[in-house]
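model19.cif follows; it contains mmCIF, C-alpha atoms.
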data_coords
#
loop_
_atom_site.label_atom_id
_atom_site.label_comp_id
_atom_site.auth_asym_id
_atom_site.auth_seq_id
_atom_site.Cartn_x
_atom_site.Cartn_y
_atom_site.Cartn_z
CA MET A 26 93.67 126.29 134.77
CA SER A 27 95.23 128.87 137.10
CA LEU A 28 98.95 128.68 137.73
CA GLN A 29 98.62 130.95 140.73
CA ALA A 30 99.80 129.58 144.06
CA ASP A 31 98.52 130.77 147.41
CA ILE A 32 101.53 131.78 149.45
CA GLU A 33 101.38 132.32 153.19
CA THR A 34 104.58 133.36 154.88
CA GLY A 35 105.18 133.07 158.58
CA THR A 36 107.24 131.60 161.36
CA THR A 37 106.91 128.64 163.66
CA GLY A 38 105.94 129.27 167.26
CA ARG A 39 105.52 126.78 170.07
CA ILE A 40 105.87 123.03 169.77
CA ILE A 41 103.14 121.07 171.52
CA TYR A 42 103.36 117.46 172.65
CA ALA A 43 100.15 115.71 173.70
CA ARG A 44 99.32 112.22 174.85
CA VAL A 45 95.78 111.29 173.85
CA ARG A 46 94.10 108.55 175.87
CA PRO A 47 91.86 105.72 174.64
CA ASN A 48 88.55 106.28 172.86
CA GLU A 49 89.17 109.97 172.09
CA ASP A 50 88.80 110.74 168.39
CA LEU A 51 92.05 111.45 166.54
CA VAL A 52 90.84 114.39 164.43
CA GLN A 53 88.70 116.04 167.10
CA GLY A 54 91.47 115.33 169.60
CA ILE A 55 93.88 117.44 167.58
CA GLU A 56 91.27 120.21 167.41
CA LYS A 57 90.67 120.01 171.19
CA ILE A 58 94.42 120.31 171.81
CA CYS A 59 94.46 123.47 169.65
CA LEU A 60 91.50 124.92 171.57
CA GLN A 61 93.12 124.21 174.91
CA GLU A 62 96.48 125.67 173.83
CA GLY A 63 95.01 128.67 171.99
CA VAL A 64 96.51 127.60 168.67
CA SER A 65 94.66 128.63 165.51
CA ARG A 66 97.12 127.31 162.90
CA CYS A 67 99.65 124.51 163.12
CA PHE A 68 101.30 121.66 161.29
CA VAL A 69 101.05 118.07 162.48
CA ARG A 70 104.57 116.76 163.10
CA GLY A 71 106.07 113.48 164.24
CA SER A 72 102.83 111.89 165.49
CA LEU A 73 102.15 108.18 166.01
CA GLY A 74 99.82 105.81 167.77
CA SER A 75 97.04 103.26 167.38
CA LEU A 76 93.30 103.30 166.72
CA ASN A 77 90.51 100.89 167.76
CA ASP A 78 89.42 100.79 164.11
CA ALA A 79 90.11 103.38 161.44
CA CYS A 80 87.96 105.15 158.87
CA VAL A 81 89.59 107.10 156.05
CA SER A 82 88.32 108.64 152.85
CA LEU A 83 90.01 107.63 149.61
CA SER A 84 88.01 110.14 147.57
CA ASP A 85 84.94 112.30 148.03
CA GLU A 86 82.73 109.24 147.59
CA THR A 87 84.78 106.36 148.96
CA LEU A 88 85.34 105.48 152.60
CA GLN A 89 87.49 102.65 153.83
CA VAL A 90 87.13 101.05 157.26
CA LEU A 91 90.05 99.12 158.74
CA ARG A 92 89.39 96.76 161.60
CA GLY A 93 91.46 96.43 164.76
CA PRO A 94 92.16 96.34 167.49
CA ALA A 95 94.45 97.90 166.86
CA VAL A 96 95.19 99.71 163.62
CA GLU A 97 98.67 101.25 163.73
CA VAL A 98 99.18 104.70 162.23
CA VAL A 99 102.62 104.38 160.58
CA GLY A 100 102.66 107.68 158.68
CA MET A 101 100.77 110.91 159.27
CA SER A 102 100.70 114.50 158.09
CA GLY A 103 98.27 117.36 158.22
CA GLU A 104 97.48 120.83 159.45
CA VAL A 105 94.96 122.80 161.45
CA ARG A 106 93.35 125.95 160.03
CA PRO A 107 90.62 128.16 161.46
CA ASP A 108 87.14 128.15 159.92
CA ALA A 109 85.28 131.39 159.21
CA ASP A 110 84.37 131.69 162.90
CA GLY A 111 87.88 131.00 164.12
CA ASN A 112 87.26 127.41 165.20
CA PRO A 113 90.12 124.95 164.59
CA VAL A 114 89.60 122.47 161.76
CA ALA A 115 92.10 119.63 161.36
CA ALA A 116 92.78 118.00 157.99
CA VAL A 117 94.89 114.90 158.55
CA THR A 118 95.97 112.05 156.26
CA GLY A 119 97.78 108.89 157.20
CA VAL A 120 99.21 105.51 156.31
CA LEU A 121 97.72 102.65 158.31
CA ALA A 122 98.68 99.06 159.11
CA GLU A 123 95.97 96.53 159.96
CA PRO A 124 96.65 93.66 162.41
CA GLY A 125 96.99 91.34 159.39
CA GLY A 126 99.67 93.55 157.85
CA ARG A 127 97.66 95.17 155.06
CA ILE A 128 98.72 98.78 154.42
CA CYS A 129 96.17 101.44 153.50
CA GLY A 130 96.01 105.22 153.50
CA GLY A 131 93.60 108.10 153.28
CA ARG A 132 92.15 111.12 155.01
CA PHE A 133 90.93 110.53 158.55
CA ILE A 134 87.19 111.07 158.97
CA ARG A 135 86.28 113.28 161.93
CA GLY A 136 84.65 111.33 164.77
CA GLN A 137 85.41 107.90 163.28
CA ASN A 138 88.96 107.22 164.50
CA PRO A 139 88.98 106.46 168.24
CA VAL A 140 92.41 106.07 169.84
CA CYS A 141 93.20 102.55 171.06
CA VAL A 142 96.10 102.44 173.55
CA THR A 143 97.67 105.87 173.08
CA PHE A 144 98.38 108.52 170.48
CA GLU A 145 101.31 110.91 170.62
CA ILE A 146 100.51 114.18 168.87
CA VAL A 147 103.19 116.76 168.06
CA LEU A 148 101.96 120.10 166.71
CA GLU A 149 104.12 122.94 165.42
CA GLU A 150 102.38 126.30 165.76
CA TRP A 151 102.30 128.39 162.57
CA LEU A 152 102.29 132.17 163.02
CA VAL A 153 101.19 133.89 159.83
CA ALA A 154 103.10 136.98 158.77
CA ASP A 155 101.45 137.68 155.43
CA THR A 156 99.38 136.03 152.75
CA ALA A 157 99.78 136.61 149.03
CA THR A 158 98.97 134.96 145.77
CA GLY A 159 101.97 134.47 143.56
CA ALA A 160 103.00 132.45 140.55
CA ALA A 161 103.35 128.71 141.13
CA GLY A 162 106.86 127.77 142.06
CA ALA A 163 107.79 131.33 142.92
CA MET B 21 78.81 99.80 152.32
CA SER B 22 76.06 101.98 153.80
CA PRO B 23 76.83 105.04 155.92
CA GLU B 24 75.17 103.33 158.90
CA GLN B 25 77.59 100.41 158.66
CA VAL B 26 80.54 102.78 158.53
CA VAL B 27 79.40 104.62 161.65
CA TRP B 28 78.84 101.42 163.60
CA GLU B 29 82.06 99.74 162.61
CA SER B 30 84.51 102.59 162.96
CA SER B 31 83.15 104.47 165.95
CA ARG B 32 83.46 101.45 168.23
CA LEU B 33 84.71 102.37 171.71
CA LEU B 34 86.63 99.73 173.66
CA ARG B 35 86.66 99.04 177.39
CA HIS B 36 90.18 98.74 178.77
CA PRO B 37 91.01 96.61 181.81
CA GLY B 38 91.76 99.42 184.30
CA PRO B 39 89.92 102.47 185.65
CA VAL B 40 89.34 105.20 183.09
CA ALA B 41 91.64 108.15 183.79
CA ARG B 42 89.76 111.44 184.26
CA GLU B 43 92.34 113.39 182.27
CA ARG B 44 91.99 112.41 178.59
CA PHE B 45 94.71 114.69 177.20
CA SER B 46 98.13 115.33 178.71
CA ILE B 47 99.50 118.42 176.97
CA LEU B 48 102.70 120.39 177.38
CA SER B 49 104.19 123.03 175.11
CA ASP B 50 107.44 124.92 174.81
CA THR B 51 109.46 126.82 172.26
CA ALA B 52 111.15 124.30 169.97
CA SER B 53 114.78 124.84 170.87
CA GLU B 54 116.58 123.09 168.03
CA THR B 55 115.66 121.67 164.65
CA ALA B 56 118.14 119.66 162.59
CA ARG B 57 118.41 117.55 159.46
CA VAL B 58 120.54 114.57 160.36
CA ARG B 59 121.94 111.72 158.30
CA LEU B 60 122.30 108.85 160.76
CA ALA B 61 125.26 106.62 159.93
CA GLY B 62 124.80 102.93 159.14
CA GLY B 63 125.43 100.14 161.62
CA GLN B 64 123.98 101.71 164.76
CA THR B 65 120.73 100.75 166.44
CA LEU B 66 117.90 103.20 165.76
CA VAL B 67 117.61 104.13 169.44
CA GLY B 68 121.38 104.53 169.82
CA ALA B 69 121.73 106.64 166.69
CA LEU B 70 118.91 109.02 167.64
CA ASP B 71 120.02 109.37 171.26
CA LYS B 72 123.56 110.16 170.14
CA ALA B 73 122.38 112.69 167.53
CA VAL B 74 120.15 114.57 169.99
CA ARG B 75 122.89 114.68 172.64
CA ARG B 76 125.24 116.12 170.02
CA ILE B 77 122.69 118.75 168.96
CA CYS B 78 122.06 119.69 172.63
CA ASN B 79 125.70 119.86 173.77
CA GLY B 80 125.51 116.57 175.64
CA GLU B 81 122.17 117.19 177.36
CA VAL B 82 119.45 114.55 177.42
CA ARG B 83 116.39 116.05 175.72
CA ALA B 84 113.12 114.72 174.29
CA ALA B 85 112.65 115.01 170.55
CA ALA B 86 110.10 114.43 167.82
CA VAL B 87 111.61 112.75 164.76
CA THR B 88 110.36 112.60 161.17
CA LEU B 89 111.83 109.82 159.03
CA ILE B 90 112.68 111.29 155.62
CA GLY B 91 114.40 108.44 153.77
CA GLY B 92 117.20 105.89 153.74
CA THR B 93 117.59 102.26 154.72
CA LEU B 94 117.27 100.06 157.77
CA GLU B 95 119.02 96.69 158.06
CA PRO B 96 117.72 94.72 159.71
CA CYS B 97 114.26 96.18 160.14
CA VAL B 98 112.52 94.41 163.02
CA TYR B 99 108.90 95.30 163.61
CA CYS B 100 105.53 94.09 164.81
CA LEU B 101 101.88 94.92 164.43
CA ALA B 102 99.10 95.37 166.96
CA ALA B 103 96.76 92.48 167.67
CA PRO B 104 93.89 91.65 170.03
CA ASP B 105 95.13 90.22 173.33
CA ALA B 106 93.74 86.70 173.89
CA THR B 107 94.69 86.86 177.58
CA ARG B 108 92.41 89.94 178.04
CA ARG B 109 95.20 91.58 180.08
CA THR B 110 95.12 94.39 177.53
CA VAL B 111 92.78 95.40 174.71
CA ALA B 112 95.59 95.29 172.17
CA THR B 113 99.02 93.73 172.37
CA TYR B 114 101.83 93.15 169.87
CA THR B 115 102.38 90.35 167.38
CA PRO B 116 105.74 88.53 167.52
CA MET B 117 108.58 90.59 166.03
CA ARG B 118 109.36 90.07 162.33
CA ASP B 119 112.85 90.55 160.90
CA VAL B 120 112.44 91.63 157.27
CA GLY B 121 116.12 92.32 156.62
CA ARG B 122 116.95 95.37 154.53
CA VAL B 123 114.18 97.89 153.80
CA ARG B 124 113.94 101.32 152.20
CA VAL B 125 112.08 103.73 154.48
CA LEU B 126 109.06 105.48 152.96
CA GLY B 127 108.16 107.52 156.01
CA GLY B 128 107.43 107.45 159.69
CA SER B 129 107.62 109.20 163.03
CA ALA B 130 109.39 108.65 166.30
CA THR B 131 109.60 110.10 169.79
CA LEU B 132 112.80 110.04 171.83
CA GLY B 133 112.21 109.96 175.57
CA ILE B 134 113.24 108.09 178.72
CA ALA B 135 112.18 104.49 179.46
CA LEU B 136 111.00 103.17 182.84
CA SER B 137 114.56 101.88 183.30
CA GLY B 138 116.01 105.36 182.85
CA ASP B 139 117.61 104.47 179.52
CA PRO B 140 116.90 106.37 176.29
CA MET B 141 113.84 105.00 174.49
CA VAL B 142 112.46 105.56 171.00
CA HIS B 143 108.84 104.84 170.08
CA CYS B 144 108.76 104.59 166.29
CA HIS B 145 106.12 103.73 163.69
CA ALA B 146 107.27 103.59 160.07
CA TRP B 147 106.37 102.29 156.64
CA PHE B 148 108.83 100.89 154.16
CA VAL B 149 109.36 98.72 151.09
CA GLU B 150 111.27 95.43 150.98
CA PRO B 151 113.48 96.01 147.91
CA GLU B 152 113.77 92.39 146.75
CA LEU B 153 110.02 91.76 146.90
CA GLY B 154 108.65 95.24 146.25
CA ARG B 155 106.34 94.62 149.18
CA VAL B 156 105.21 97.60 151.27
CA GLY B 157 104.91 97.07 155.00
CA GLY B 158 104.83 99.05 158.18
CA GLY B 159 104.29 98.89 161.91
CA HIS B 160 105.85 99.40 165.32
CA LEU B 161 109.63 99.10 165.15
CA ASP B 162 111.81 97.35 167.71
CA THR B 163 114.22 100.27 167.90
CA CYS B 164 116.84 98.29 169.85
CA ALA B 165 116.97 95.47 167.27
CA THR B 166 116.53 97.63 164.17
CA HIS B 167 119.78 99.08 162.78
CA ILE B 168 120.50 101.91 160.37
CA GLY B 169 121.30 100.48 156.91
CA ALA B 170 124.41 101.06 154.80
CA ASP B 171 122.81 104.03 152.98
CA GLY B 172 122.20 105.82 156.26
CA LEU B 173 118.88 107.31 157.33
CA VAL B 174 117.94 110.96 156.92
CA VAL B 175 115.70 112.34 159.66
CA ARG B 176 114.40 115.70 160.80
CA ILE B 177 114.83 116.15 164.53
CA ASP B 178 112.78 118.68 166.48
CA VAL B 179 114.02 118.95 170.05
CA LEU B 180 110.95 119.49 172.23
CA GLY B 181 112.33 122.50 174.07
CA GLY B 182 112.64 121.54 177.72
CA LEU B 183 109.74 119.07 177.71
CA MET B 184 110.40 115.81 179.53
CA ILE B 185 108.87 112.72 177.96
CA ARG B 186 108.96 109.57 180.07
CA GLN B 187 107.51 106.09 179.82
CA VAL B 188 104.97 105.69 182.63
CA GLU B 189 102.84 102.78 183.80
CA ASP B 190 99.24 103.28 182.72
CA ALA B 191 96.64 101.57 184.91
CA GLU B 192 93.85 102.10 182.37
CA THR B 193 95.45 100.16 179.51
CA ASN B 194 98.05 97.99 181.33
CA HIS B 195 100.71 99.37 179.01
CA ALA B 196 103.77 101.50 179.77
CA ILE B 197 103.26 104.65 177.70
CA PHE B 198 105.19 107.81 176.82
CA SER B 199 103.75 110.81 178.60
CA PRO B 200 104.82 114.44 179.02
CA VAL B 201 105.83 114.77 182.68
CA GLY B 202 107.18 118.31 182.98
CA HIS B 203 109.90 120.70 181.92
CA SER B 204 113.60 120.19 182.53
CA GLU B 205 115.58 122.64 184.67
CA ALA B 206 117.30 123.85 181.52
CA ARG B 207 114.01 125.00 180.02
CA ALA B 208 114.45 127.43 177.16
#
In structure tokens, how does this file's structure come out?
Amino acid sequence: MSLQADIETGTTGRIIYARVRPNEDLVQGIEKICLQEGVSRCFVRGSLGSLNDACVSLSDETLQVLRGPAVEVVGMSGEVRPDADGNPVAAVTGVLAEPGGRICGGRFIRGQNPVCVTFEIVLEEWLVADTATGAAGA
Amino acid sequence: MSPEQVVWESSRLLRHPGPVARERFSILSDTASETARVRLAGGQTLVGALDKAVRRICNGEVRAAAVTLIGGTLEPCVYCLAAPDATRRTVATYTPMRDVGRVRVLGGSATLGIALSGDPMVHCHAWFVEPELGRVGGGHLDTCATHIGADGLVVRIDVLGGLMIRQVEDAETNHAIFSPVGHSEARA
């Protein structure tokens, strides 16, 4: 097992605040915001809102569907990175609360998490200075 | 669960009571002017503590901020969940508020902006554990009724540059919703 860590140094750029309206997908919504703002890399910060229903992956094989309306997103983190062609790809995980109070978490599946009332998205642009592979923990 | 069932169940779109707004994304950006780690002192309301902290960071100015909850306690923690609206006035409304006493915060996010009334307002979703029961919960916090606990609450505050975030009436959903409405005069 490699102990090498991929290190990418950089600085933060703009901070972007977006209000996403109902029935837009959460993951694709974040990607659309990046396209509109010309952001290729960013971290998801301080975001919150509700979904009609939610669909998250617990592993490569297991999906979990939570029924609303509405499912509250009570914790969220993630990032956007460019694919080989430069298109933004969001990877976002979250903690969810169903109307009955059950708490669940996982990775949001693209196209399967439509916003219910509103979603506030805060993105912190990441401007890469250099990439290197160094020892873990260095 | 077959893939077909997953697609049908989770991709459901919902019709809201009002006209569908043409603009689906309201986006504003700026240079983040200030970032701070803050330990909020116990006894204050969540909205009061965050408003005071941001004013202090910004030399008394009223600014919008994105807040990440890192850890600490709330007491009491008063929150609700979303629920279908039986009156059909909205697609989703809130359950009655629940007071769960003292909780340890596991994480969450908040936005500080201005309410319809002109007062400071915090929209906050968080998840937490009730220490006596070991039960994990989470939802939409009543930030006027929820107070910082005796241990304090550590947060990261990102002031949103000169962006102005205000609660606005939304005809589509029949809710009053935070929206970016412009840049302040003191824009960075």
Mind checking which residues fall within 7 Å of stretch 138-145 of chain A, counting only C-alpha atoms, ignoring those fewer than 3 positions away in the same chain, and posting them as a ChimeraX atom specification? /A:43-51,72-80,95,134 /B:30-31,33,193
Interface residues on chain B facing chain A, 7 Å, all atoms listed in the file, written as an NGL selection string: :B and (26 or 30-31 or 33-34 or 44-52 or 86-88 or 101-104 or 112 or 127-130 or 145-147 or 157-159 or 180 or 193 or 199)
Considering only C-alpha atoms, return as a PyMOL selection string whatever protein or nucleic-acid residues lie within 7 Å of B:Val201, sequence-local ones (same chain, fewer than 2 positions apart) excluded. chain B and resi 184-186+199
Close residues, B:Leu173 itself excluded, 8 Å, all atoms listed in the file, min 6 positions apart in chain, as a list in words: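 So, after excluding close chain neighbours, the residues are Arg59, Leu60, Ala61, Gly62, Leu89, Ile90, Gly91, Gly92, Thr93 and Leu94 of chain B.
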I need the output of the PyMOL selection byres ((chain A and resi 118) around 7) for this file as a VMD selection string; which residues are they? chain A and resid 101 to 103 116 to 117 119 131 to 133
Residues picked by the PyMOL selection byres ((chain B and resi 204) around 12) here, as an MDAnalysis selection string? chainID B and resid 50 81:84 180:186 200:203 205:208
Work out how far atom CA of A:Ser84 is from atom CA of A:Pro113, in Å to one decimal. 22.7 Å
Hey, could you pull the box centre and edge lengths for stretch 64-75 of chain A, axis-aligned, 5 Å padding per side, all listed atoms, to one decimal in Å, as AutoDock Vina command-line options?
--center_x 100.4 --center_y 115.9 --center_z 165.0 --size_x 21.4 --size_y 35.4 --size_z 17.4
Could you please determine the separation between atom CA of A:Asp155 and atom CA of B:Ser53 in Å, to one decimal place?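 Going from atom CA of A:Asp155 over to atom CA of B:Ser53, I get 24.1 Å.
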Exercise: A:Asn112 partners within 12 Å, only C-alpha atoms, chain neighbours under 4 positions left out, as an mmCIF file with C-alpha atoms, in the frame of the given file:
data_model
loop_
_atom_site.group_PDB
_atom_site.id
_atom_site.type_symbol
_atom_site.label_atom_id
_atom_site.label_comp_id
_atom_site.auth_asym_id
_atom_site.auth_seq_id
_atom_site.Cartn_x
_atom_site.Cartn_y
_atom_site.Cartn_z
ATOM 1 C CA GLN A 53 88.700 116.040 167.100
ATOM 2 C CA GLU A 56 91.270 120.210 167.410
ATOM 3 C CA LYS A 57 90.670 120.010 171.190
ATOM 4 C CA CYS A 59 94.460 123.470 169.650
ATOM 5 C CA LEU A 60 91.500 124.920 171.570
ATOM 6 C CA GLN A 61 93.120 124.210 174.910
ATOM 7 C CA GLY A 63 95.010 128.670 171.990
ATOM 8 C CA VAL A 64 96.510 127.600 168.670
ATOM 9 C CA SER A 65 94.660 128.630 165.510
ATOM 10 C CA ARG A 66 97.120 127.310 162.900
ATOM 11 C CA VAL A 105 94.960 122.800 161.450
ATOM 12 C CA ARG A 106 93.350 125.950 160.030
ATOM 13 C CA PRO A 107 90.620 128.160 161.460
ATOM 14 C CA ASP A 108 87.140 128.150 159.920
#
Provide the atom CA of B:Arg118 to atom CA of B:Cys97 distance in Å, to one decimal place.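 Computing it gives 8.1 Å between the two atoms.
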Pull out every residue that the PyMOL selection byres ((chain B and resi 121) around 10) matches in the shown coordinates and put them as a ChimeraX atom specification. /B:94-98,118-120,122-123,150-151,166-167,169
If you count only C-alpha atoms, which residues fall within 8 Å of B:Val58, apart from same-chain ones fewer than 2 positions away, as a PyMOL selection string? chain B and resi 56+60+73+174-177
Residue nearest B:Phe148 - candidates B:Thr115, B:His160, B:Cys78, B:Arg124, atoms counted: all atoms listed in the file: B:Arg124
